[in-house]
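J.: See data.csv below, with CSV, C-alpha atoms.
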chain,number,residue,atom,x,y,z
A,1,MET,CA,-27.0,-7.3,-7.3
A,2,GLN,CA,-27.6,-4.4,-4.8
A,3,LEU,CA,-24.8,-4.1,-2.3
A,4,PRO,CA,-24.9,-2.2,1.0
A,5,HIS,CA,-22.5,0.7,1.5
A,6,THR,CA,-22.1,1.3,-2.3
A,7,PRO,CA,-21.8,5.1,-2.1
A,8,GLU,CA,-19.1,4.8,0.6
A,9,LEU,CA,-17.1,2.3,-1.5
A,10,ILE,CA,-17.3,4.5,-4.5
A,11,VAL,CA,-16.0,7.6,-2.6
A,12,ILE,CA,-13.3,5.5,-0.9
A,13,THR,CA,-12.0,4.0,-4.1
A,14,LEU,CA,-12.1,7.3,-5.9
A,15,ALA,CA,-9.9,8.9,-3.2
A,16,ALA,CA,-7.6,5.9,-3.3
A,17,ALA,CA,-7.3,6.0,-7.1
A,18,ILE,CA,-6.3,9.7,-6.9
A,19,VAL,CA,-3.5,8.8,-4.4
A,20,ASN,CA,-2.4,5.9,-6.7
A,21,GLY,CA,-2.3,8.2,-9.7
A,22,ALA,CA,-0.2,10.7,-7.8
A,23,LEU,CA,2.3,8.4,-6.1
A,24,GLY,CA,2.3,5.2,-8.2
A,25,TYR,CA,1.0,3.2,-5.2
A,26,GLY,CA,-1.5,3.6,-2.4
A,27,PHE,CA,-4.8,2.3,-3.9
A,28,SER,CA,-5.1,-0.7,-1.5
A,29,SER,CA,-3.4,1.2,1.3
A,30,ILE,CA,-6.3,3.7,1.4
A,31,THR,CA,-9.1,1.4,0.3
A,32,VAL,CA,-8.6,-1.5,2.6
A,33,PRO,CA,-8.5,0.1,6.1
A,34,LEU,CA,-11.7,2.1,5.3
A,35,ALA,CA,-13.6,-0.6,3.4
A,36,LEU,CA,-12.9,-3.2,6.1
A,37,LEU,CA,-15.0,-1.1,8.5
A,38,PHE,CA,-18.0,-2.5,6.7
A,39,LEU,CA,-16.7,-5.4,4.5
A,40,SER,CA,-14.8,-8.6,5.3
A,41,ASN,CA,-11.4,-9.5,3.8
A,42,ARG,CA,-13.0,-12.5,2.0
A,43,VAL,CA,-15.4,-10.3,0.1
A,44,LEU,CA,-13.1,-7.3,-0.4
A,45,ASN,CA,-9.8,-8.9,-1.3
A,46,PRO,CA,-10.8,-10.9,-4.4
A,47,ALA,CA,-12.4,-7.8,-6.0
A,48,LEU,CA,-9.3,-5.6,-5.3
A,49,VAL,CA,-6.9,-8.2,-6.6
A,50,LEU,CA,-8.7,-8.5,-9.9
A,51,VAL,CA,-8.8,-4.7,-10.3
A,52,GLU,CA,-5.1,-4.4,-9.3
A,53,VAL,CA,-4.0,-6.8,-12.0
A,54,GLY,CA,-5.1,-4.3,-14.6
A,55,LEU,CA,-4.0,-1.2,-12.6
A,56,ASN,CA,-0.5,-2.6,-12.1
A,57,ALA,CA,-0.2,-3.7,-15.7
A,58,TYR,CA,-1.0,-0.1,-16.7
A,59,VAL,CA,1.7,1.3,-14.3
A,60,LEU,CA,4.3,-1.1,-15.7
A,61,TRP,CA,3.4,-0.3,-19.3
A,62,VAL,CA,3.7,3.4,-18.8
A,63,ASN,CA,7.1,2.9,-17.2
A,64,ARG,CA,8.3,0.1,-19.5
A,65,ASP,CA,11.3,2.1,-20.7
A,66,ALA,CA,13.0,1.7,-17.3
A,67,LEU,CA,12.1,-2.0,-16.9
A,68,SER,CA,15.4,-3.3,-18.3
A,69,SER,CA,17.3,-1.5,-15.6
A,70,VAL,CA,15.4,-3.0,-12.7
A,71,ALA,CA,14.2,-6.4,-13.9
A,72,ALA,CA,17.3,-8.3,-12.7
A,73,ARG,CA,17.3,-6.5,-9.4
A,74,VAL,CA,13.7,-7.4,-8.5
A,75,ARG,CA,13.7,-10.9,-9.9
A,76,PRO,CA,14.5,-12.5,-6.5
A,77,ILE,CA,11.5,-10.7,-4.9
A,78,VAL,CA,9.2,-11.9,-7.7
A,79,ILE,CA,10.4,-15.5,-7.2
A,80,GLY,CA,10.0,-15.2,-3.4
A,81,LEU,CA,6.4,-14.0,-3.8
A,82,VAL,CA,5.1,-17.5,-4.9
A,83,PRO,CA,5.4,-19.4,-1.6
A,84,GLY,CA,4.2,-16.3,0.3
A,85,VAL,CA,1.1,-15.9,-1.8
A,86,VAL,CA,0.2,-19.6,-1.2
A,87,VAL,CA,0.6,-19.2,2.6
A,88,GLY,CA,-1.4,-16.0,2.7
A,89,THR,CA,-4.2,-17.4,0.6
A,90,LEU,CA,-4.6,-20.3,3.0
A,91,VAL,CA,-4.8,-17.8,5.9
A,92,VAL,CA,-7.6,-15.8,4.1
A,93,ALA,CA,-9.5,-19.0,3.4
A,94,GLN,CA,-9.4,-20.4,6.9
A,95,VAL,CA,-9.2,-17.6,9.5
A,96,ARG,CA,-12.3,-16.0,11.0
A,97,PRO,CA,-13.2,-12.7,9.3
A,98,ASP,CA,-13.0,-10.6,12.5
A,99,TRP,CA,-9.6,-12.0,13.4
A,100,LEU,CA,-8.4,-11.6,9.8
A,101,LYS,CA,-9.3,-7.9,10.0
A,102,PHE,CA,-7.5,-7.7,13.3
A,103,GLY,CA,-4.4,-9.3,11.7
A,104,THR,CA,-4.6,-6.9,8.7
A,105,TYR,CA,-4.7,-3.8,10.9
A,106,THR,CA,-2.0,-5.1,13.2
A,107,LEU,CA,0.3,-5.8,10.2
A,108,LEU,CA,-0.3,-2.5,8.5
A,109,LEU,CA,0.1,-0.1,11.5
A,110,PRO,CA,3.8,-0.6,12.1
A,111,LEU,CA,4.6,-0.6,8.4
A,112,ILE,CA,2.9,2.8,8.0
A,113,LEU,CA,4.6,4.3,11.1
A,114,VAL,CA,8.0,3.0,9.9
A,115,GLN,CA,7.5,4.6,6.6
A,116,ALA,CA,6.3,7.8,8.2
A,117,ALA,CA,9.4,7.9,10.5
A,118,GLY,CA,11.6,7.9,7.4
A,119,PHE,CA,13.5,4.7,8.0
A,120,ARG,CA,16.4,4.3,5.6
A,121,ARG,CA,19.0,1.5,5.6
A,122,PRO,CA,20.2,0.5,2.1
A,123,ILE,CA,20.7,-3.3,1.9
A,124,ARG,CA,24.0,-4.4,0.4
A,125,ALA,CA,23.1,-8.2,-0.1
A,126,GLU,CA,20.2,-7.2,-2.3
A,127,ARG,CA,19.8,-10.6,-4.1
A,128,SER,CA,20.0,-12.7,-0.9
A,129,PHE,CA,17.6,-10.4,0.9
A,130,GLY,CA,15.1,-10.4,-2.1
A,131,TYR,CA,13.9,-14.0,-1.7
A,132,PRO,CA,12.7,-13.8,2.0
A,133,PHE,CA,11.5,-10.3,1.5
A,134,GLY,CA,9.4,-11.5,-1.5
A,135,ALA,CA,8.0,-14.3,0.6
A,136,GLY,CA,7.0,-12.0,3.4
A,137,LEU,CA,5.5,-9.6,0.8
A,138,GLY,CA,3.5,-12.4,-0.8
A,139,VAL,CA,2.0,-13.2,2.6
A,140,LEU,CA,1.2,-9.6,3.3
A,141,TYR,CA,-0.3,-8.9,-0.1
A,142,SER,CA,-2.4,-12.0,-0.3
A,143,VAL,CA,-3.8,-11.4,3.2
A,144,THR,CA,-4.3,-7.7,3.0
A,145,THR,CA,-3.9,-6.7,-0.7
A,146,ILE,CA,-1.4,-4.1,0.5
A,147,SER,CA,2.3,-4.0,-0.2
A,148,GLY,CA,3.0,-0.3,-0.9
A,149,PRO,CA,4.6,0.8,2.4
A,150,PRO,CA,7.3,-1.9,2.6
A,151,LEU,CA,8.0,-1.8,-1.1
A,152,ALA,CA,8.3,2.0,-1.1
A,153,VAL,CA,10.8,1.9,1.8
A,154,LEU,CA,12.9,-0.9,0.1
A,155,LEU,CA,13.0,0.5,-3.4
A,156,ASN,CA,13.8,4.1,-2.3
A,157,ASN,CA,16.5,2.8,0.1
A,158,GLN,CA,18.1,1.0,-2.8
A,159,GLY,CA,18.6,4.2,-4.8
A,160,LEU,CA,16.0,3.9,-7.5
A,161,ALA,CA,15.1,7.1,-9.3
A,162,LYS,CA,11.5,8.0,-10.2
A,163,ARG,CA,11.1,6.0,-13.4
A,164,GLU,CA,13.0,3.0,-12.0
A,165,PHE,CA,11.0,3.2,-8.8
A,166,ARG,CA,7.7,3.1,-10.8
A,167,ALA,CA,8.9,0.3,-13.1
A,168,ALA,CA,10.1,-1.9,-10.3
A,169,LEU,CA,6.9,-1.2,-8.3
A,170,GLY,CA,4.7,-2.0,-11.3
A,171,LEU,CA,6.6,-5.3,-12.0
A,172,ILE,CA,6.5,-6.6,-8.5
A,173,ARG,CA,2.9,-5.6,-7.9
A,174,LEU,CA,1.7,-7.0,-11.2
A,175,ALA,CA,3.4,-10.3,-10.2
A,176,GLU,CA,1.9,-10.4,-6.7
A,177,SER,CA,-1.6,-9.5,-7.9
A,178,SER,CA,-1.5,-12.0,-10.7
A,179,PHE,CA,-0.2,-14.8,-8.4
A,180,THR,CA,-2.8,-13.9,-5.8
A,181,ALA,CA,-5.6,-13.8,-8.4
A,182,LEU,CA,-4.7,-17.4,-9.5
A,183,ALA,CA,-4.3,-18.6,-5.9
A,184,TYR,CA,-7.7,-17.1,-4.9
A,185,LEU,CA,-9.2,-18.9,-7.9
A,186,TYR,CA,-7.8,-22.2,-6.9
A,187,ALA,CA,-9.0,-21.7,-3.3
A,188,GLY,CA,-12.5,-20.8,-4.5
A,189,LEU,CA,-12.5,-17.4,-2.9
A,190,TYR,CA,-14.3,-15.6,-5.7
A,191,THR,CA,-18.0,-15.2,-4.8
A,192,ARG,CA,-20.9,-13.4,-6.4
A,193,GLN,CA,-20.6,-10.7,-3.8
A,194,SER,CA,-16.9,-10.1,-4.4
A,195,LEU,CA,-17.3,-10.0,-8.2
A,196,ALA,CA,-20.2,-7.5,-7.8
A,197,LEU,CA,-17.7,-5.1,-6.2
A,198,THR,CA,-15.5,-4.9,-9.3
A,199,PRO,CA,-17.9,-2.8,-11.5
A,200,LEU,CA,-18.1,-0.3,-8.6
A,201,ILE,CA,-14.4,0.1,-8.4
A,202,ILE,CA,-13.3,0.4,-12.0
A,203,PRO,CA,-15.0,3.8,-12.7
A,204,SER,CA,-13.2,5.2,-9.7
A,205,LEU,CA,-9.9,4.1,-11.2
A,206,LEU,CA,-10.7,5.5,-14.6
A,207,VAL,CA,-11.4,8.9,-13.1
A,208,GLY,CA,-9.1,9.0,-10.1
A,209,VAL,CA,-5.8,7.8,-11.6
A,210,PRO,CA,-5.5,10.6,-14.2
A,211,LEU,CA,-6.8,13.1,-11.7
A,212,GLY,CA,-4.0,12.1,-9.3
A,213,ALA,CA,-1.4,12.4,-12.0
A,214,TRP,CA,-2.6,15.9,-12.7
A,215,LEU,CA,-2.8,16.8,-9.0
A,216,ILE,CA,0.8,15.8,-8.2
A,217,ARG,CA,2.1,18.3,-10.7
A,218,HIS,CA,0.5,21.1,-8.7
A,219,VAL,CA,1.4,20.1,-5.1
A,220,ASN,CA,4.5,19.1,-3.3
A,221,ALA,CA,4.8,15.4,-3.7
A,222,GLU,CA,6.6,14.7,-0.4
A,223,THR,CA,4.0,16.7,1.5
A,224,PHE,CA,1.1,15.0,-0.3
A,225,ARG,CA,2.6,11.5,0.4
A,226,ARG,CA,3.2,12.3,4.1
A,227,VAL,CA,-0.4,13.6,4.6
A,228,CYS,CA,-1.7,10.4,3.0
A,229,MET,CA,0.4,8.3,5.4
A,230,SER,CA,-1.0,10.2,8.4
A,231,PHE,CA,-4.5,9.6,7.2
A,232,ASP,CA,-3.7,5.9,6.8
A,233,ALA,CA,-2.3,5.6,10.3
A,234,TRP,CA,-5.4,7.3,11.8
A,235,VAL,CA,-7.8,5.1,9.9
A,236,VAL,CA,-5.9,1.9,10.7
A,237,SER,CA,-5.6,2.8,14.4
A,238,PHE,CA,-9.3,3.5,14.6
A,239,GLY,CA,-10.1,0.2,12.9
A,240,LEU,CA,-7.8,-1.7,15.2
A,241,SER,CA,-9.2,0.0,18.3
A,242,THR,CA,-12.8,-0.8,17.2
A,243,LEU,CA,-11.9,-4.5,16.6
A,244,LEU,CA,-10.1,-4.7,20.0
A,245,ARG,CA,-13.5,-3.7,21.5
A,246,THR,CA,-15.6,-5.9,19.3
A,247,LEU,CA,-13.4,-9.0,20.0
A,248,ARG,CA,-13.4,-8.1,23.7
A,249,VAL,CA,-9.6,-8.1,23.7
A,250,VAL,CA,-9.9,-4.7,25.5
A,251,GLU,CA,-13.1,-3.7,27.2
A,252,GLY,CA,-14.9,-0.3,26.7
A,253,ARG,CA,-13.3,2.9,25.8
A,254,ALA,CA,-9.8,1.7,26.8
A,255,ALA,CA,-9.7,0.0,23.4
A,256,TYR,CA,-9.3,3.5,21.8
A,257,SER,CA,-6.1,4.1,23.7
A,258,VAL,CA,-4.4,2.5,20.7
A,259,MET,CA,-5.7,5.2,18.4
A,260,VAL,CA,-4.7,7.9,20.9
A,261,VAL,CA,-1.1,6.6,21.1
A,262,VAL,CA,-0.8,6.3,17.3
A,263,VAL,CA,-2.2,9.8,16.6
A,264,ALA,CA,0.2,11.2,19.2
A,265,ILE,CA,3.2,9.4,17.6
A,266,ASP,CA,2.1,10.5,14.1
A,267,ALA,CA,1.7,14.1,15.3
A,268,LEU,CA,5.3,14.1,16.5
A,269,LEU,CA,6.5,12.6,13.2
A,270,LEU,CA,4.5,15.2,11.3
A,271,TYR,CA,6.0,18.0,13.4
A,272,ARG,CA,9.5,16.6,12.6
A,273,PHE,CA,8.6,16.3,8.9
A,274,PHE,CA,7.3,19.9,8.5
A,275,SER,CA,9.9,21.5,10.7
A,276,SER,CA,12.7,20.0,8.6
A,277,ARG,CA,11.2,20.7,5.2
A,278,PRO,CA,13.1,22.9,2.9
A,279,SER,CA,11.2,25.3,0.6
A,280,GLY,CA,10.6,24.0,-2.9
A,281,GLY,CA,8.2,23.9,-5.7
A,282,PRO,CA,5.3,21.6,-6.2
A,283,GLY,CA,6.3,18.0,-6.6
A,284,VAL,CA,10.0,18.8,-6.6
A,285,SER,CA,12.5,17.6,-4.0
A,286,THR,CA,15.1,20.3,-3.2
A,287,ALA,CA,17.6,17.9,-1.8
A,288,SER,CA,20.6,17.1,-3.9
A,289,GLU,CA,21.0,13.9,-5.9
A,290,SER,CA,23.4,11.2,-4.7
A,291,PRO,CA,26.8,11.4,-6.5
A,292,PRO,CA,27.1,9.1,-9.5
A,293,GLY,CA,27.9,5.5,-8.6
A,294,GLN,CA,27.0,6.0,-4.9
A,295,ARG,CA,24.8,3.3,-3.4
A,296,GLY,CA,22.0,4.5,-1.3
A,297,PRO,CA,18.8,6.6,-1.7
A,298,ARG,CA,18.6,8.8,-4.7
A,299,ARG,CA,17.3,12.2,-3.8
A,300,ASP,CA,15.6,12.9,-7.1
A,301,SER,CA,12.6,10.7,-6.3
A,302,PRO,CA,9.4,12.3,-4.9
A,303,TYR,CA,8.6,9.0,-3.3
A,304,LEU,CA,11.4,9.0,-0.7
A,305,PRO,CA,10.1,8.4,2.8
A,306,SER,CA,10.9,11.3,5.1
How would this structure read if it were set down as structure tokens?

T.:
Amino acid sequence: MQLPHTPELIVITLAAAIVNGALGYGFSSITVPLALLFLSNRVLNPALVLVEVGLNAYVLWVNRDALSSVAARVRPIVIGLVPGVVVGTLVVAQVRPDWLKFGTYTLLLPLILVQAAGFRRPIRAERSFGYPFGAGLGVLYSVTTISGPPLAVLLNNQGLAKREFRAALGLIRLAESSFTALAYLYAGLYTRQSLALTPLIIPSLLVGVPLGAWLIRHVNAETFRRVCMSFDAWVVSFGLSTLLRTLRVVEGRAAYSVMVVVVAIDALLLYRFFSSRPSGGPGVSTASESPPGQRGPRRDSPYLPS
């Protein structure tokens, strides 16, 4: 089955796979905002969910040695995912495609900016917070197939080191993608067009993930992550502005004022980020690690929001 925009999709998913290989997350965060410019959620989401089941299983397997130290902590989130995925799947099945895109961009933009701003607030009632957080995450993932930004903020705020971070991320994302895959199947969202996207995406992952893992050893991980977030913010703001005009929520060029504001905010955040960066080697954080036993963000993780 010949699909339109095949070259664009291959380039987008390859770039997204490189980011995922480098950071441990980011495949959907990069793919979705760009691919939604020419595909609908109902076509794109099922294909991405199927691919991410395998991708997240791989991430979890690679970091399985740290699984025992995080499994109990993330269990409430995994349990909370179930009702959230059900609600989100109903939204995907019933909401008009253009308005679904609009909702996707509207949900993503503040999450990206919060992460870019370096929000940190460790949560003490971790277990109680996990259930509602998991439910919200389930809605977000099943509607957008994106959960990296809020998960990265939460897991880093809770003091997880690099291997723990990746193991927790792999477990939660494998659960959410598996639950969503089953929910989509029950809702009848898998179509011939969606399934035809999968063979286009898999080669990008096979090439991009190991390339990203190699790349992150040669660049500063924090800088790479921050640049990826800026790119995300610009793309999402462009998509949101375009939809505001298409849906006639805002007429004419005024719709692009959203993108102008977001780019200005991100430029300020980028300036703050680079002006406060200490010198350090590629992929290495020069900040000191939290003292043993101290709750809060561990500073040895290259995935800490700045």

J.: Please determine the residues with any atom at most 12 Å from (10.3, 9.8, 9.1) (coordinates as given in the file, with only C-alpha atoms counting) and report them as a VMD selection string.

T.: chain A and resid 111 to 120 153 222 225 to 226 229 to 230 265 to 277 304 to 306

J.: Could you check how far CA of Leu185 in chain A sits from CA of Leu205 in chain A, in Å to one decimal?

T.: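 Going from CA of Leu185 in chain A over to CA of Leu205 in chain A, I get 23.2 Å.
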
J.: Give me the residues within 10 Å of Leu215 in chain A as JSON, numbers by chain, counting only C-alpha atoms and dropping any in the same chain fewer than 3 places off.

T.: {"A": [18, 19, 21, 22, 209, 210, 211, 212, 218, 219, 220, 221, 224, 282, 283]}

J.: For the interface of range 87-203 of chain A with range 235-252 of chain A (cut-off 9 Å, counting only C-alpha atoms), please tabulate each contacting residue of range 87-203 of chain A alongside its nearest pair of atoms and their separation in Å to one decimal, rows sorted by chain and increasing number, as CSV.

T.:
residue,atom,partner,partner_atom,distance
A:Asp98,CA,A:Leu243,CA,7.4
A:Trp99,CA,A:Leu247,CA,8.2
A:Lys101,CA,A:Leu243,CA,7.9
A:Phe102,CA,A:Leu240,CA,6.3
A:Thr104,CA,A:Leu240,CA,8.9
A:Tyr105,CA,A:Leu240,CA,5.7
A:Thr106,CA,A:Leu240,CA,7.0
A:Leu108,CA,A:Val236,CA,7.5
A:Leu109,CA,A:Val236,CA,6.4

J.: Could you produce a table of the residues of range 24-121 of chain A lying within 6 Å of range 141-145 of chain A, with the nearest pair of atoms per residue and their separation in Å rounded to one decimal, using all atoms listed in the file, ordered by chain and increasing residue number, as CSV?

T.:
residue,atom,partner,partner_atom,distance
A:Val85,CA,A:Ser142,CA,5.5
A:Gly88,CA,A:Ser142,CA,5.1
A:Thr89,CA,A:Ser142,CA,5.8
A:Val92,CA,A:Val143,CA,5.9
A:Thr104,CA,A:Thr144,CA,5.8

J.: Report as a PyMOL selection string all protein, DNA and RNA residues lying within 12 Å of Ser128 in chain A, evaluated on all atoms listed in the file, omitting residues in the same chain fewer than 5 positions from it.

T.: chain A and resi 73-77+79-80+123+133-134

J.: Show me, as a CSV table (one decimal) with C-alpha atoms, in the coordinates of the input, the residues that have an atom within 8 Å of Asn63 in chain A when counting all atoms listed in the file, minus same-chain residues fewer than 6 positions from it.

T.:
chain,number,residue,atom,x,y,z
A,163,ARG,CA,11.1,6.0,-13.4
A,164,GLU,CA,13.0,3.0,-12.0
A,166,ARG,CA,7.7,3.1,-10.8
A,167,ALA,CA,8.9,0.3,-13.1
